[in-house]
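Okay, final29.cif is below, mmCIF, C-alpha atoms and all ligand atoms:
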```cif
data_protein
#
loop_
_atom_site.label_atom_id
_atom_site.label_comp_id
_atom_site.auth_asym_id
_atom_site.auth_seq_id
_atom_site.Cartn_x
_atom_site.Cartn_y
_atom_site.Cartn_z
CA MET A 1 23.93 -9.86 -70.30
CA LEU A 2 24.13 -8.20 -66.92
CA THR A 3 20.60 -6.78 -67.25
CA ASP A 4 19.20 -10.31 -67.65
CA ALA A 5 21.10 -11.52 -64.60
CA VAL A 6 19.84 -8.55 -62.56
CA ALA A 7 16.26 -9.25 -63.75
CA GLY A 8 16.63 -12.94 -62.85
CA ALA A 9 17.97 -11.98 -59.44
CA GLY A 10 14.95 -9.77 -58.75
CA LEU A 11 17.14 -6.88 -57.54
CA THR A 12 15.16 -3.80 -56.53
CA GLY A 13 16.60 -0.38 -55.71
CA ARG A 14 17.82 0.21 -52.18
CA GLY A 15 17.38 4.02 -52.29
CA GLY A 16 13.77 4.01 -51.08
CA ALA A 17 11.23 3.30 -53.80
CA GLY A 18 12.29 -0.32 -54.49
CA PHE A 19 12.01 -0.02 -58.28
CA PRO A 20 13.30 -3.05 -60.30
CA THR A 21 16.93 -2.29 -61.21
CA ALA A 22 16.84 -4.34 -64.44
CA ASP A 23 14.02 -2.12 -65.76
CA LYS A 24 16.13 0.96 -65.04
CA LEU A 25 19.13 -0.52 -66.85
CA ALA A 26 16.95 -1.53 -69.82
CA ALA A 27 15.47 1.98 -70.06
CA ILE A 28 18.88 3.57 -70.74
CA SER A 29 19.75 3.75 -74.41
CA GLY A 30 21.31 6.15 -76.85
CA ARG A 31 24.62 8.01 -76.95
CA ARG A 32 26.70 9.64 -74.19
CA THR A 33 24.88 7.93 -71.36
CA VAL A 34 25.66 8.81 -67.72
CA VAL A 35 25.79 6.61 -64.61
CA ILE A 36 25.51 8.07 -61.09
CA GLY A 37 25.87 6.31 -57.73
CA ASN A 38 23.66 7.94 -55.13
CA GLY A 39 25.33 7.90 -51.72
CA ALA A 40 23.73 11.13 -50.45
CA GLU A 41 21.91 9.43 -47.58
CA GLY A 42 19.88 12.47 -46.57
CA GLU A 43 17.65 10.33 -44.34
CA PRO A 44 18.61 11.19 -40.73
CA LEU A 45 18.03 7.65 -39.41
CA SER A 46 20.10 5.91 -42.09
CA ASP A 47 23.78 5.12 -41.89
CA LYS A 48 24.07 2.17 -44.25
CA ASP A 49 25.48 4.03 -47.27
CA ALA A 50 28.19 5.65 -45.14
CA VAL A 51 29.11 2.25 -43.68
CA LEU A 52 29.08 0.59 -47.10
CA LEU A 53 31.25 3.30 -48.67
CA SER A 54 33.69 3.04 -45.75
CA CYS A 55 33.86 -0.77 -45.60
CA ALA A 56 33.49 -1.80 -49.23
CA PRO A 57 34.17 1.14 -51.59
CA HIS A 58 35.52 -1.18 -54.32
CA LEU A 59 32.30 -3.18 -54.38
CA VAL A 60 30.28 -0.02 -55.06
CA ILE A 61 32.79 1.13 -57.71
CA ASP A 62 32.70 -2.37 -59.30
CA GLY A 63 28.93 -2.02 -59.58
CA LEU A 64 29.19 1.46 -61.09
CA VAL A 65 31.76 0.32 -63.66
CA LEU A 66 29.74 -2.79 -64.58
CA ALA A 67 26.56 -0.74 -65.00
CA ALA A 68 28.49 1.81 -67.08
CA ARG A 69 29.73 -0.96 -69.41
CA GLU A 70 26.18 -2.33 -69.65
CA VAL A 71 24.70 0.99 -70.77
CA GLY A 72 27.76 2.09 -72.78
CA SER A 73 28.71 4.97 -70.52
CA ARG A 74 32.11 6.64 -70.15
CA GLU A 75 30.83 9.23 -67.68
CA VAL A 76 30.40 7.94 -64.13
CA TYR A 77 29.83 9.88 -60.91
CA LEU A 78 29.73 8.95 -57.25
CA TYR A 79 27.69 11.43 -55.19
CA ALA A 80 28.40 11.29 -51.46
CA ASP A 81 29.11 13.36 -48.36
CA GLU A 82 32.52 15.05 -48.68
CA ALA A 83 33.58 13.40 -45.42
CA ARG A 84 33.71 10.12 -47.40
CA HIS A 85 35.77 11.55 -50.27
CA PRO A 86 39.36 11.00 -49.00
CA HIS A 87 38.61 7.30 -48.46
CA LEU A 88 36.87 6.98 -51.83
CA GLU A 89 39.65 8.93 -53.56
CA HIS A 90 42.13 6.43 -52.14
CA ALA A 91 40.11 3.48 -53.51
CA LEU A 92 39.86 5.19 -56.91
CA SER A 93 43.61 5.88 -57.03
CA GLU A 94 44.28 2.18 -56.29
CA ARG A 95 42.22 1.28 -59.34
CA ARG A 96 43.96 3.87 -61.52
CA SER A 97 47.37 2.48 -60.52
CA ALA A 98 46.17 -1.04 -61.34
CA GLY A 99 45.55 0.22 -64.91
CA ARG A 100 42.16 -1.46 -65.21
CA GLY A 101 41.12 0.56 -68.26
CA GLU A 102 37.76 1.39 -66.76
CA PRO A 103 35.92 4.71 -66.87
CA ASP A 104 37.13 7.18 -64.27
CA VAL A 105 34.63 7.75 -61.47
CA ARG A 106 34.24 11.41 -60.49
CA LEU A 107 33.37 12.27 -56.90
CA ILE A 108 30.71 14.91 -56.25
CA GLY A 109 29.90 16.32 -52.81
CA ALA A 110 26.38 15.79 -51.43
CA PRO A 111 25.35 18.56 -49.02
CA GLY A 112 23.44 16.26 -46.63
CA THR A 113 20.02 17.92 -46.73
CA PHE A 114 16.97 15.64 -46.92
CA VAL A 115 16.13 16.48 -50.54
CA SER A 116 19.76 16.49 -51.78
CA GLY A 117 19.54 12.75 -52.54
CA GLU A 118 16.42 13.04 -54.68
CA LYS A 119 17.47 12.05 -58.20
CA SER A 120 16.75 15.35 -59.97
CA SER A 121 18.54 17.25 -57.15
CA ILE A 122 21.65 15.25 -58.06
CA VAL A 123 21.31 16.08 -61.75
CA ASN A 124 20.92 19.74 -60.78
CA ARG A 125 23.95 19.63 -58.47
CA ILE A 126 26.29 17.86 -60.92
CA GLY A 127 25.09 20.23 -63.64
CA GLY A 128 26.39 23.14 -61.54
CA GLY A 129 23.20 24.17 -59.73
CA PRO A 130 22.00 23.74 -56.14
CA ALA A 131 21.08 20.28 -54.82
CA VAL A 132 17.32 20.88 -54.98
CA PRO A 133 14.82 19.00 -57.16
CA LEU A 134 14.22 20.24 -60.67
CA ASP A 135 10.66 21.18 -61.47
CA ARG A 136 10.31 18.75 -64.35
CA ARG A 137 8.43 15.65 -65.36
CA THR A 138 10.91 14.27 -67.90
CA HIS A 139 12.32 10.82 -67.17
CA LEU A 140 16.04 10.95 -66.41
CA SER A 141 16.51 7.76 -68.43
CA THR A 142 15.80 9.77 -71.57
CA SER A 143 16.87 13.27 -70.50
CA GLY A 144 18.96 13.56 -67.35
CA LEU A 145 22.33 15.21 -66.82
CA ARG A 146 22.75 17.86 -69.54
CA GLY A 147 19.86 16.24 -71.42
CA ARG A 148 21.58 12.84 -71.65
CA PRO A 149 20.20 9.38 -70.74
CA THR A 150 21.08 9.01 -67.05
CA LEU A 151 20.99 6.05 -64.70
CA ILE A 152 20.87 6.98 -61.00
CA SER A 153 20.80 4.23 -58.40
CA ASN A 154 21.62 3.98 -54.75
CA VAL A 155 25.18 2.91 -53.89
CA GLU A 156 23.91 -0.24 -52.15
CA THR A 157 22.04 -1.19 -55.34
CA PHE A 158 25.34 -0.97 -57.26
CA ALA A 159 27.04 -3.14 -54.63
CA HIS A 160 24.37 -5.86 -55.03
CA LEU A 161 24.68 -5.58 -58.80
CA ALA A 162 28.42 -6.29 -58.52
CA MET A 163 27.70 -9.35 -56.35
CA ILE A 164 25.12 -10.64 -58.85
CA ALA A 165 27.71 -10.26 -61.64
CA ARG A 166 30.11 -12.41 -59.56
CA TYR A 167 27.85 -15.07 -58.09
CA GLY A 168 24.76 -15.06 -60.32
CA ALA A 169 21.03 -14.53 -60.06
CA HIS A 170 20.29 -17.83 -58.35
CA TRP A 171 22.79 -17.15 -55.57
CA PHE A 172 21.26 -13.70 -54.94
CA ARG A 173 17.69 -15.00 -54.85
CA SER A 174 18.65 -17.77 -52.43
CA ARG A 175 19.82 -15.18 -49.89
CA GLY A 176 16.29 -13.90 -49.22
CA MET A 177 13.54 -15.36 -47.01
CA ASN A 178 9.85 -16.07 -47.46
CA GLY A 179 10.05 -15.80 -51.25
CA ALA A 180 11.85 -12.43 -51.25
CA ALA A 181 15.14 -12.05 -53.16
CA GLY A 182 18.55 -11.11 -51.77
CA THR A 183 19.71 -9.22 -48.73
CA MET A 184 19.47 -5.61 -47.70
CA LEU A 185 21.43 -3.31 -45.42
CA VAL A 186 19.35 -2.14 -42.48
CA THR A 187 20.14 0.66 -40.05
CA LEU A 188 18.78 -0.26 -36.61
CA SER A 189 18.23 2.67 -34.26
CA GLY A 190 16.13 3.97 -31.38
CA ASP A 191 15.16 1.90 -28.35
CA LEU A 192 16.87 -1.32 -29.44
CA ARG A 193 19.55 -2.97 -27.34
CA SER A 194 21.77 -3.31 -30.38
CA VAL A 195 21.86 -0.52 -32.96
CA GLY A 196 23.91 -0.05 -36.14
CA VAL A 197 24.05 -1.34 -39.69
CA VAL A 198 23.40 -5.02 -40.42
CA GLU A 199 22.89 -7.06 -43.59
CA VAL A 200 19.69 -9.11 -43.35
CA PRO A 201 17.69 -11.35 -45.73
CA MET A 202 14.87 -9.56 -47.52
CA GLY A 203 11.61 -11.03 -46.24
CA ILE A 204 12.88 -11.63 -42.71
CA PRO A 205 10.03 -11.48 -40.15
CA LEU A 206 10.23 -8.15 -38.30
CA GLU A 207 10.10 -9.89 -34.92
CA GLN A 208 13.07 -12.05 -35.87
CA LEU A 209 14.95 -8.96 -37.07
CA LEU A 210 14.33 -7.19 -33.75
CA ILE A 211 15.24 -10.21 -31.62
CA GLU A 212 18.25 -11.58 -33.54
CA TYR A 213 19.82 -8.37 -34.81
CA GLY A 214 18.35 -5.70 -32.50
CA ARG A 215 18.62 -8.00 -29.43
CA THR A 216 15.30 -6.54 -28.27
CA ASP A 217 12.07 -8.11 -27.04
CA PRO A 218 9.37 -6.78 -29.42
CA HIS A 219 7.02 -6.46 -26.41
CA ALA A 220 9.32 -3.70 -25.12
CA LEU A 221 8.38 -1.57 -28.14
CA ARG A 222 5.30 0.56 -28.78
CA ALA A 223 5.95 0.68 -32.54
CA VAL A 224 8.65 0.37 -35.16
CA LEU A 225 9.24 2.99 -37.84
CA CYS A 226 10.04 1.16 -41.08
CA GLY A 227 11.45 2.96 -44.10
CA GLY A 228 12.52 6.14 -42.32
CA TYR A 229 10.99 9.60 -42.32
CA HIS A 230 9.13 8.82 -45.58
CA GLY A 231 8.00 5.47 -44.17
CA GLY A 232 5.44 4.38 -41.64
CA TRP A 233 4.82 2.80 -38.24
CA VAL A 234 4.12 -0.85 -37.52
CA THR A 235 2.66 -1.15 -34.01
CA SER A 236 3.78 -3.82 -31.56
CA THR A 237 0.59 -5.84 -32.08
CA GLU A 238 1.18 -5.88 -35.85
CA LEU A 239 4.83 -6.92 -35.70
CA HIS A 240 4.24 -10.66 -35.47
CA SER A 241 2.54 -10.84 -38.88
CA THR A 242 4.95 -8.58 -40.77
CA ILE A 243 7.98 -9.39 -42.88
CA LEU A 244 10.53 -7.09 -44.48
CA THR A 245 8.98 -6.76 -47.94
CA PRO A 246 7.09 -3.92 -49.64
CA GLY A 247 3.89 -6.02 -49.83
CA SER A 248 3.84 -6.97 -46.17
CA LEU A 249 4.57 -3.42 -44.95
CA ALA A 250 2.27 -1.60 -47.40
CA PRO A 251 -0.95 -1.92 -45.29
CA TYR A 252 0.78 0.17 -42.60
CA GLY A 253 1.88 2.86 -45.04
CA ALA A 254 5.43 1.62 -44.56
CA GLY A 255 8.01 -0.15 -46.70
CA PRO A 256 11.60 -1.36 -46.45
CA GLY A 257 12.58 1.99 -48.05
CA ALA A 258 16.28 2.58 -47.56
CA GLY A 259 16.39 0.01 -44.75
CA VAL A 260 15.60 2.11 -41.68
CA VAL A 261 14.18 0.18 -38.71
CA HIS A 262 13.70 2.45 -35.70
CA GLY A 263 12.29 1.10 -32.46
CA LEU A 264 10.05 3.24 -30.25
CA GLY A 265 9.99 1.95 -26.68
CA VAL A 266 6.71 1.40 -24.82
CA GLU A 267 7.52 4.34 -22.55
CA ARG A 268 7.76 6.74 -25.52
CA CYS A 269 4.92 8.85 -26.88
CA GLY A 270 4.33 7.99 -30.54
CA LEU A 271 2.53 11.25 -31.27
CA THR A 272 5.38 13.33 -29.85
CA ALA A 273 7.87 11.42 -31.98
CA ALA A 274 5.66 11.84 -35.05
CA VAL A 275 5.34 15.61 -34.55
CA GLY A 276 9.14 15.94 -34.40
CA ILE A 277 9.56 14.10 -37.67
CA ALA A 278 6.68 15.92 -39.41
CA ARG A 279 8.19 19.29 -38.41
CA PHE A 280 11.58 18.22 -39.70
CA LEU A 281 10.03 17.18 -43.02
CA GLY A 282 8.25 20.54 -43.28
CA GLN A 283 11.57 22.34 -42.83
CA GLN A 284 13.22 20.23 -45.53
CA SER A 285 10.91 21.40 -48.34
CA ALA A 286 12.96 22.99 -51.11
CA ARG A 287 10.27 25.73 -51.21
CA GLN A 288 9.59 25.50 -54.92
CA CYS A 289 6.04 24.12 -54.94
CA GLY A 290 3.18 25.75 -52.98
CA PRO A 291 1.49 22.60 -51.61
CA CYS A 292 4.83 21.36 -50.26
CA THR A 293 6.09 24.74 -48.94
CA ASN A 294 2.84 25.61 -47.14
CA GLY A 295 1.15 22.24 -46.70
CA LEU A 296 3.93 20.33 -44.93
CA PRO A 297 4.40 22.81 -42.04
CA ARG A 298 0.60 23.05 -41.66
CA MET A 299 0.34 19.25 -41.52
CA ALA A 300 3.02 19.20 -38.81
CA GLU A 301 1.19 21.84 -36.74
CA SER A 302 -2.16 20.01 -37.06
CA LEU A 303 -0.44 16.86 -35.85
CA ALA A 304 1.07 18.89 -32.98
CA ASN A 305 -2.45 20.03 -32.06
CA VAL A 306 -3.63 16.39 -32.03
CA ALA A 307 -0.67 15.56 -29.77
CA ALA A 308 -1.57 18.49 -27.51
CA GLY A 309 -5.16 17.14 -27.26
CA ARG A 310 -6.66 20.31 -28.80
CA SER A 311 -9.99 19.89 -30.66
CA PRO A 312 -9.07 16.40 -31.89
CA SER A 313 -11.92 15.93 -34.35
CA ARG A 314 -11.35 19.36 -35.96
CA CYS A 315 -7.57 18.69 -36.21
CA GLU A 316 -8.13 15.24 -37.64
CA GLN A 317 -10.51 16.70 -40.26
CA GLU A 318 -7.88 19.31 -41.08
CA LEU A 319 -5.22 16.60 -41.43
CA LEU A 320 -7.44 14.62 -43.79
CA PHE A 321 -7.94 17.76 -45.88
CA LEU A 322 -4.24 18.71 -45.89
CA THR A 323 -2.91 15.24 -46.69
CA ASP A 324 -5.36 14.95 -49.63
CA MET A 325 -4.40 18.43 -50.81
CA VAL A 326 -0.61 17.84 -50.68
CA ASP A 327 -0.45 14.23 -51.92
CA GLY A 328 0.98 13.98 -55.45
CA ARG A 329 1.22 17.77 -55.83
CA GLY A 330 4.98 18.36 -55.65
CA ALA A 331 7.62 18.35 -58.33
CA CYS A 332 9.39 15.60 -56.40
CA GLY A 333 8.34 12.78 -54.06
CA HIS A 334 9.06 14.69 -50.84
CA PRO A 335 5.48 15.77 -50.05
CA ASP A 336 4.15 12.28 -50.90
CA GLY A 337 6.62 10.76 -48.44
CA ALA A 338 5.60 13.28 -45.77
CA VAL A 339 1.90 12.50 -46.35
CA ARG A 340 2.60 8.78 -46.10
CA PHE A 341 4.35 9.31 -42.77
CA VAL A 342 1.59 11.55 -41.32
CA ARG A 343 -1.19 9.17 -42.41
CA SER A 344 0.67 6.25 -40.91
CA SER A 345 1.20 8.16 -37.64
CA MET A 346 -2.52 8.97 -37.37
CA ARG A 347 -3.36 5.32 -37.98
CA ALA A 348 -0.78 3.84 -35.61
CA PHE A 349 -1.36 6.31 -32.77
CA ALA A 350 -5.13 6.80 -33.03
CA GLY A 351 -5.50 5.38 -29.50
CA ASP A 352 -2.86 7.80 -28.16
CA ALA A 353 -4.74 10.71 -29.80
CA ARG A 354 -7.88 9.73 -27.84
CA HIS A 355 -5.85 9.52 -24.62
CA HIS A 356 -4.29 12.94 -25.23
CA ALA A 357 -7.72 14.46 -25.86
CA ALA A 358 -8.74 13.09 -22.47
CA GLY A 359 -5.63 14.68 -20.91
CA ARG A 360 -3.65 11.45 -20.51
CA CYS A 361 -0.54 10.04 -22.13
CA GLU A 362 0.75 6.53 -21.69
CA ALA A 363 4.29 7.58 -22.37
CA ARG A 364 6.61 8.82 -19.65
CA SER A 365 9.19 10.77 -21.63
CA ALA A 366 9.96 12.42 -24.92
CA VAL A 367 11.98 10.59 -27.52
CA PRO A 368 15.76 10.94 -27.39
CA GLY A 369 17.29 11.13 -30.82
CA PHE A 370 14.40 13.15 -32.16
CA ASP A 371 15.60 16.24 -30.28
CA ARG A 372 17.29 17.64 -33.38
CA ALA A 373 14.07 17.33 -35.37
CA VAL A 374 11.86 18.71 -32.58
CA SER A 375 13.98 21.70 -31.67
CA SER A 376 15.22 22.77 -35.10
C1 LIG B 1 13.06 13.73 -50.96
C2 LIG B 1 13.79 12.52 -51.48
C3 LIG B 1 15.06 12.23 -50.98
C4 LIG B 1 15.77 11.12 -51.47
N1 LIG B 1 17.00 10.85 -50.94
C5 LIG B 1 17.69 9.78 -51.39
C6 LIG B 1 18.98 9.46 -50.85
O1 LIG B 1 19.50 10.16 -49.96
N2 LIG B 1 19.64 8.37 -51.35
C7 LIG B 1 19.08 7.58 -52.34
O2 LIG B 1 19.71 6.62 -52.79
N3 LIG B 1 17.85 7.85 -52.86
C8 LIG B 1 17.17 8.92 -52.41
N4 LIG B 1 15.94 9.21 -52.95
C9 LIG B 1 15.45 8.37 -54.07
C10 LIG B 1 16.13 8.84 -55.39
O3 LIG B 1 15.37 9.90 -55.95
C11 LIG B 1 16.22 7.72 -56.41
O4 LIG B 1 14.92 7.20 -56.62
C12 LIG B 1 17.14 6.60 -55.97
O5 LIG B 1 18.45 7.06 -55.74
C13 LIG B 1 17.18 5.52 -57.04
O6 LIG B 1 18.02 4.48 -56.61
P1 LIG B 1 17.50 2.97 -56.49
O7 LIG B 1 16.77 2.61 -57.75
O8 LIG B 1 18.76 2.21 -56.31
O9 LIG B 1 16.61 2.92 -55.28
C14 LIG B 1 15.20 10.30 -52.48
C15 LIG B 1 13.92 10.60 -52.98
C16 LIG B 1 13.22 11.68 -52.46
C17 LIG B 1 11.85 11.98 -53.00
S1 LIG B 2 7.77 19.07 -53.83
FE1 LIG B 2 8.77 20.20 -52.15
S2 LIG B 2 10.84 19.40 -52.02
FE2 LIG B 2 9.98 18.69 -53.98
S3 LIG B 2 10.58 20.25 -55.50
FE3 LIG B 2 8.59 20.92 -54.72
S4 LIG B 2 9.02 22.28 -52.96
FE4 LIG B 2 10.89 21.13 -53.43
#
```

Whole structure given in structure tokens:
Amino acid sequence: MLTDAVAGAGLTGRGGAGFPTADKLAAISGRRTVVIGNGAEGEPLSDKDAVLLSCAPHLVIDGLVLAAREVGSREVYLYADEARHPHLEHALSERRSAGRGEPDVRLIGAPGTFVSGEKSSIVNRIGGGPAVPLDRRTHLSTSGLRGRPTLISNVETFAHLAMIARYGAHWFRSRGMNGAAGTMLVTLSGDLRSVGVVEVPMGIPLEQLLIEYGRTDPHALRAVLCGGYHGGWVTSTELHSTILTPGSLAPYGAGPGAGVVHGLGVERCGLTAAVGIARFLGQQSARQCGPCTNGLPRMAESLANVAAGRSPSRCEQELLFLTDMVDGRGACGHPDGAVRFVRSSMRAFAGDARHHAAGRCEARSAVPGFDRAVSS
């Protein structure tokens, strides 16, 4: 059975949380099940789903069709930016003409906002509503789209699933490093000499990733943001002991997430970069839950006050209060991700906060690429 092969392979989701895919497949049972490929990619620093859907649409569709057969589904959706649709439509029409007798995959437009890729936003959107999270606690595996058992996974997860079906669990496991299973797509960005999407072994040491794929000397970096805007910072002194696995990155409040690795050069101010991201996250709240709607912008402004060197101990106390107040209080994981990022920023840039309070900053310039987040 495919679920057994996926369990043996140790495949975890590539959409952010890294949940075991076999457990998700096993949780789907009952009639009129639904399968959805999540290619929303609302994370501003990620490009891997767009690249995957452009370069290997059939691999993703293979994975969707295989998963649909596994859970007995005839209703399959692929949720992605409309800019990708003509290319995907072409791939789907090739399959129809080949008469493969597989379930038809319906394309649904993802609006590109940060929360539009959250799983209940997708259920809402395909059900005819806006792409914002549903205020509900029910598991989608038992009651998802129109109350039916629904499997939602990231498009890269479906691509790996298709490869496991072809080459087996052992092959997939052997592609990882340091005991981790498989490969993952990583979007390299920021102050790296080589940026873009690469496929790397899970468990690769971060320094090796930066040198071999990013063609960058780790000493040229102040910190690396791992896991994107819901992730955390690993500072340059911590890089040498860190590998690309959830366990190794967890002490820094980071994780592989959806494969974002963003380098911050030594000449950049970490606090300034963090404020830009925290403000962006505050603006992305779907404004349905009080702690998220009010707490996230307040967290961003407290962080801005730390960056401006204003009453650092009062601002830090306020940040401790706000992060505790917001954590776990939303109807979706957005506020938790924002809290994780802010806590990680305070930890990684504690030294910079002291410098700013004393009227100094080691950095020479603001961070290009964060302009959109800072100014919007
Ligand atoms: C605010 C927010 C935004 C998210 N955006 C995405 C996204 O753009 N793409 C994605 O695959 N998962 C996203 N997720 C995670 C999904 O809710 C879901 O867990 C994921 O698609 C499951 O796929 P996986 O098991 O393959 O990781 C987001 C979660 C949150 C809380
Ligand atoms: S926690 Fe925030 S983003 Fe999530 S549903 Fe509530 S208001 Fe919307």

*May I have the residues within 8 Å of ligand LIG 2 (chain B), computed using all atoms listed in the file, as a list of chain:residue names?*
A:Val115, A:Val132, A:Pro133, A:Leu134, A:Asp135, A:Gln284, A:Ser285, A:Ala286, A:Arg287, A:Gln288, A:Cys289, A:Gly290, A:Pro291, A:Cys292, A:Thr293, A:Arg329, A:Gly330, A:Ala331, A:Cys332, A:Gly333, A:His334, A:Pro335

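Between His160 in chain A and the residues A:Ala83, A:Ile243, A:Val260, A:Leu66, the shortest atom-to-atom distance, using all atoms listed in the file, involves A:Leu66.
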
*Check which residues fall inside 7 Å of ligand LIG 1 (chain B) when counting all atoms listed in the file, and print them as a ChimeraX atom specification.*
/A:12-19,21,38-43,114-120,152-155,157,332-334

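CA of His58 in chain A to CA of Leu140 in chain A spans 25.9 Å [interatomic distance, one decimal].
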
*Between A:Leu322, A:Cys315, A:Gly309, A:Ala110, which has the minimum distance to Asp352 in chain A (counting all atoms listed in the file)?*
A:Gly309

May I have the protein, DNA and RNA residues with any atom at most 10 Å from the point (23.8, 20.0, -67.7), counting only C-alpha atoms, written as a tab-separated table (two decimals) with C-alpha atoms, in the coordinates of the input?
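Generated file (selection-v4.tsv):
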```tsv
chain	number	residue	atom	x	y	z
A	123	VAL	CA	21.31	16.08	-61.75
A	124	ASN	CA	20.92	19.74	-60.78
A	125	ARG	CA	23.95	19.63	-58.47
A	126	ILE	CA	26.29	17.86	-60.92
A	127	GLY	CA	25.09	20.23	-63.64
A	128	GLY	CA	26.39	23.14	-61.54
A	129	GLY	CA	23.20	24.17	-59.73
A	144	GLY	CA	18.96	13.56	-67.35
A	145	LEU	CA	22.33	15.21	-66.82
A	146	ARG	CA	22.75	17.86	-69.54
A	147	GLY	CA	19.86	16.24	-71.42
A	148	ARG	CA	21.58	12.84	-71.65
```

*Quick one, how far is CA of Leu264 in chain A from CA of Val224 in chain A?*
5.9 Å

*May I have the residues at most 9 Å from (29.7, 6.3, -66.2) in the file's coordinates, counting all atoms listed in the file, as a PyMOL selection string?*
chain A and resi 33-36+64-65+67-69+71-77+103-106+151

*asked:* As an exercise, work out the distance from CA of Cys269 in chain A to CA of Gly232 in chain A in Å and give it to one decimal place.
replied: 15.4 Å

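Considering the residues A:Ile277, A:Ile211, A:Ala98, A:Val186 and counting all atoms listed in the file, Cys226 in chain A has its shortest atom-to-atom contact with A:Val186.
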
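Nearest to Gly295 in chain A of all the residues A:Val326, A:Ala273, A:Leu281, A:Ile28 is A:Val326, based on only C-alpha atoms.
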
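Distances here use all atoms listed in the file; by that measure, the residue among A:Asp81, A:Glu89, A:Asp324, A:Glu318 closest to Asn305 in chain A is A:Glu318.
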
_Here is a test: counting all atoms listed in the file, which residue of A:Ala357, A:Leu225, A:Ala56, A:Ala304 is nearest to Gly257 in chain A?_
A:Leu225

*Extract, using only C-alpha atoms, all DNA, RNA and protein residues at most 12 Å from Leu2 in chain A, discarding same-chain residues fewer than 6 positions from it, and format them as a VMD selection string.*
chain A and resid 8 to 9 11 21 to 23 25 to 26 63 65 to 71 161 to 169

With C-alpha atoms retained, could you export that selection as a PDB file, keeping the file's coordinate frame?
```
ATOM      1  CA  GLY A   8      16.630 -12.940 -62.850  1.00  0.00           C
ATOM      2  CA  ALA A   9      17.970 -11.980 -59.440  1.00  0.00           C
ATOM      3  CA  LEU A  11      17.140  -6.880 -57.540  1.00  0.00           C
ATOM      4  CA  THR A  21      16.930  -2.290 -61.210  1.00  0.00           C
ATOM      5  CA  ALA A  22      16.840  -4.340 -64.440  1.00  0.00           C
ATOM      6  CA  ASP A  23      14.020  -2.120 -65.760  1.00  0.00           C
ATOM      7  CA  LEU A  25      19.130  -0.520 -66.850  1.00  0.00           C
ATOM      8  CA  ALA A  26      16.950  -1.530 -69.820  1.00  0.00           C
ATOM      9  CA  GLY A  63      28.930  -2.020 -59.580  1.00  0.00           C
ATOM     10  CA  VAL A  65      31.760   0.320 -63.660  1.00  0.00           C
ATOM     11  CA  LEU A  66      29.740  -2.790 -64.580  1.00  0.00           C
ATOM     12  CA  ALA A  67      26.560  -0.740 -65.000  1.00  0.00           C
ATOM     13  CA  ALA A  68      28.490   1.810 -67.080  1.00  0.00           C
ATOM     14  CA  ARG A  69      29.730  -0.960 -69.410  1.00  0.00           C
ATOM     15  CA  GLU A  70      26.180  -2.330 -69.650  1.00  0.00           C
ATOM     16  CA  VAL A  71      24.700   0.990 -70.770  1.00  0.00           C
ATOM     17  CA  LEU A 161      24.680  -5.580 -58.800  1.00  0.00           C
ATOM     18  CA  ALA A 162      28.420  -6.290 -58.520  1.00  0.00           C
ATOM     19  CA  MET A 163      27.700  -9.350 -56.350  1.00  0.00           C
ATOM     20  CA  ILE A 164      25.120 -10.640 -58.850  1.00  0.00           C
ATOM     21  CA  ALA A 165      27.710 -10.260 -61.640  1.00  0.00           C
ATOM     22  CA  ARG A 166      30.110 -12.410 -59.560  1.00  0.00           C
ATOM     23  CA  TYR A 167      27.850 -15.070 -58.090  1.00  0.00           C
ATOM     24  CA  GLY A 168      24.760 -15.060 -60.320  1.00  0.00           C
ATOM     25  CA  ALA A 169      21.030 -14.530 -60.060  1.00  0.00           C
TER      26      ALA A 169
END
```

*Identify, on the basis of only C-alpha atoms, every residue whose closest approach to Thr237 in chain A does not exceed 12 Å; exclude the query and any residue fewer than 6 positions from it along the same chain; express the result as a VMD selection string.*
chain A and resid 206 to 207 218 to 224 266 348
